[in-house]
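Take a look at the structure below.
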Amino acid sequence: MPTTIVCDESGYEGEKLVGGVTDVFAHASIRLDEATAAACVAELRDRIKSPATMYKANHLLRAKHRATLLWFLGPDGPLPGNASVFVIDKTYFLITGLVDRLGASPEAIPFLYDACRRTEEAREFLDAANDFIRAHETAVLPRLDPLLPAIIRAAEHWTDGAPVLIAHDRQTTLSPARITALRQASPAIATIEQLDSFVDHRVQIADFLAGITYRIASGHLNAADDPEVSAALAPYLDPHSLWYDEPSWQRLHGVAGTGSALSLRRGA
């Protein structure tokens, strides 16, 4: 029987991977029915008591709502067994795309990544390379758009052999042509429909998880760790997330990473 998942993202700036506002992309997928999601949102409203029309991750991330955040992520919340979040270090993602496009040796990846963390000149080079590739990319599935591999990975995570039905927060990026291409690229995807987060509580739950993950993961990259929230978030992190910096991954996930970024760093 097909599985239905609902997805949303945080930190998305299309194919602009460096030189923008965000340094991390997080894509959450949840497997909850609408009634359960609505009950969760109602519980959050009762706990937070904000008059806001629509809650966002920032409401949960406020210091005064720490207990509510930990409830949402914890064993008594709605997420255990029903949520996954795929995280991308956008600088690493750009560098791997650039190396692949140029046909360069994978050994160039650690050199470029480390240089980008140390020098402004390397960051400026990557920014220019990013703009160049964006200007010349003509494929239906651009290699620098993190949303597309994230959707494919979500389907792979949730499939039990049967195709997955994906409902996604509305994105202009998800044109009919790209949806068709995604389905052709991944046999795990049965359909992709787009929903409005204002009327679907499941999208709101996915938005909470993506936004929380973005904030915590970005903090780890920038030496602003939150061990308590990281411990609560760790069970949902996809081990195939695209992340290069092993120390921050260990602090974020709680264990040594096994994703492709870390395997590549070790020369596997």
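Going by the structure tokens order, chains are called A, B, ..., each with residues numbered from 1, while ligands are numbered from 1 in the order shown.
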
Identify all residues of stretch 26-258 of chain A in strand (DSSP E) (DSSP on the backbone) and supply them as a list in words. Ala26, His27, Ala28, Ser29, Ile30, Ala83, Ser84, Val85, Phe86, Val87, Ile88, Asp89, Val164, Leu165, Ile166, Ala167, His168, Asp169, Ile189, Ala190, Thr191, Ile192, Glu193, Gln194 and Leu195 of chain A

What's around A:Met1 at 9 Å? Count only C-alpha atoms, leave out sequence neighbours fewer than 4 positions away in its own chain, and write the answer as a PyMOL selection string. chain A and resi 160+162-163

Counting only C-alpha atoms, which residues of stretch 36-102 of chain A sit at most 9 Å from some atom of stretch 237-250 of chain A, and what is each one's closest atom pair with its distance in Å to one decimal, listed by chain and rising residue number, as CSV?
```
residue,atom,partner,partner_atom,distance
A:Ala83,CA,A:Leu237,CA,8.9
A:Ser84,CA,A:Leu237,CA,6.0
A:Val85,CA,A:Leu237,CA,5.1
A:Phe86,CA,A:Asp238,CA,5.1
A:Val87,CA,A:Ser241,CA,5.0
A:Ile88,CA,A:Leu242,CA,4.7
A:Asp89,CA,A:Trp243,CA,5.3
A:Lys90,CA,A:Leu242,CA,8.5
A:Tyr92,CA,A:Tyr244,CA,6.3
A:Phe93,CA,A:Leu242,CA,7.0
```

For C-alpha atoms, I'd like the residues from the last selection saved as a tab-separated table (two decimals), in the first residue's frame.
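Result file follows (out_27.tsv):
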```
chain	number	residue	atom	x	y	z
A	83	ALA	CA	9.55	12.06	10.58
A	84	SER	CA	12.84	12.44	8.76
A	85	VAL	CA	14.89	15.48	7.82
A	86	PHE	CA	17.54	15.67	5.11
A	87	VAL	CA	20.20	18.33	5.67
A	88	ILE	CA	22.56	19.91	3.15
A	89	ASP	CA	25.60	22.05	3.82
A	90	LYS	CA	25.08	24.33	0.82
A	92	TYR	CA	29.65	21.50	0.22
A	93	PHE	CA	26.78	20.85	-2.18
```

Every residue of stretch 97-255 of chain A that DSSP places in helix (DSSP H, G or I), as JSON, numbers by chain: {"A": [97, 98, 99, 100, 101, 102, 108, 109, 110, 111, 112, 113, 114, 115, 116, 117, 118, 120, 121, 122, 123, 124, 125, 126, 127, 128, 129, 130, 131, 132, 133, 134, 135, 136, 147, 148, 149, 150, 151, 152, 153, 154, 155, 156, 157, 158, 176, 177, 178, 179, 180, 181, 182, 183, 184, 185, 201, 202, 203, 204, 205, 206, 207, 208, 209, 210, 211, 212, 213, 214, 215, 216, 217, 218, 219, 220, 221, 227, 228, 229, 230, 231, 232, 233, 234, 235, 236, 246, 247, 248, 249, 250, 251, 252, 253]}

Within 8 Å of stretch 194-202 of chain A, which residues of stretch 7-93 of chain A show up? Give each one with its shortest atom-to-atom distance in Å (one decimal) and the two atoms involved, counting only C-alpha atoms, rows by chain then rising residue number, as JSON lines.
```
{"residue": "A:Ile30", "atom": "CA", "partner": "A:Arg202", "partner_atom": "CA", "distance": 7.6}
{"residue": "A:Leu32", "atom": "CA", "partner": "A:Arg202", "partner_atom": "CA", "distance": 6.7}
{"residue": "A:Asp33", "atom": "CA", "partner": "A:Arg202", "partner_atom": "CA", "distance": 7.2}
{"residue": "A:Glu34", "atom": "CA", "partner": "A:Arg202", "partner_atom": "CA", "distance": 5.9}
{"residue": "A:Ala37", "atom": "CA", "partner": "A:Arg202", "partner_atom": "CA", "distance": 5.2}
{"residue": "A:Ala38", "atom": "CA", "partner": "A:His201", "partner_atom": "CA", "distance": 5.3}
{"residue": "A:Val41", "atom": "CA", "partner": "A:His201", "partner_atom": "CA", "distance": 7.0}
{"residue": "A:Met54", "atom": "CA", "partner": "A:Phe198", "partner_atom": "CA", "distance": 7.2}
```

Restricting the output to N, CA, C and O atoms, write the selected residues as a JSON list (two decimals), in the first residue's frame.
```json
[["chain", "number", "residue", "atom", "x", "y", "z"],
["A", 30, "ILE", "N", 7.24, 14.09, 6.72],
["A", 30, "ILE", "CA", 6.52, 13.49, 7.84],
["A", 30, "ILE", "C", 5.45, 12.54, 7.32],
["A", 30, "ILE", "O", 4.95, 12.69, 6.21],
["A", 32, "LEU", "N", 2.16, 11.69, 8.82],
["A", 32, "LEU", "CA", 1.09, 11.89, 9.79],
["A", 32, "LEU", "C", -0.22, 12.14, 9.05],
["A", 32, "LEU", "O", -0.22, 12.74, 7.98],
["A", 33, "ASP", "N", -1.33, 11.70, 9.63],
["A", 33, "ASP", "CA", -2.61, 12.06, 9.03],
["A", 33, "ASP", "C", -3.00, 13.47, 9.48],
["A", 33, "ASP", "O", -2.44, 14.01, 10.43],
["A", 34, "GLU", "N", -3.96, 14.04, 8.79],
["A", 34, "GLU", "CA", -4.34, 15.42, 9.06],
["A", 34, "GLU", "C", -4.89, 15.60, 10.47],
["A", 34, "GLU", "O", -4.62, 16.61, 11.14],
["A", 37, "ALA", "N", -1.98, 15.73, 12.91],
["A", 37, "ALA", "CA", -1.26, 16.99, 12.74],
["A", 37, "ALA", "C", -2.05, 18.16, 13.31],
["A", 37, "ALA", "O", -1.48, 19.04, 13.97],
["A", 38, "ALA", "N", -3.36, 18.17, 13.10],
["A", 38, "ALA", "CA", -4.19, 19.24, 13.63],
["A", 38, "ALA", "C", -4.18, 19.24, 15.15],
["A", 38, "ALA", "O", -4.14, 20.30, 15.79],
["A", 41, "VAL", "N", -0.88, 20.80, 16.29],
["A", 41, "VAL", "CA", -0.89, 22.26, 16.17],
["A", 41, "VAL", "C", -1.74, 22.87, 17.28],
["A", 41, "VAL", "O", -1.37, 23.90, 17.87],
["A", 54, "MET", "N", -0.61, 32.04, 12.06],
["A", 54, "MET", "CA", 0.07, 30.79, 11.70],
["A", 54, "MET", "C", 1.39, 30.71, 12.44],
["A", 54, "MET", "O", 2.19, 31.65, 12.40]]
```

Distance of atom CA of A:Val164 from atom CA of A:Ile189, expressed in Å to one decimal place: 5.1 Å

Which is closer to A:Trp158 than all the others in A:Ala188, A:Leu112, A:Ala28, A:Leu141, using only C-alpha atoms?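 Once distances to A:Trp158 are computed over only C-alpha atoms, the minimum belongs to A:Ala188.
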
Residue contacts of A:Ala206 (8 Å, only C-alpha atoms) excluding same-chain residues fewer than 6 positions away, as a count of residues only: 7
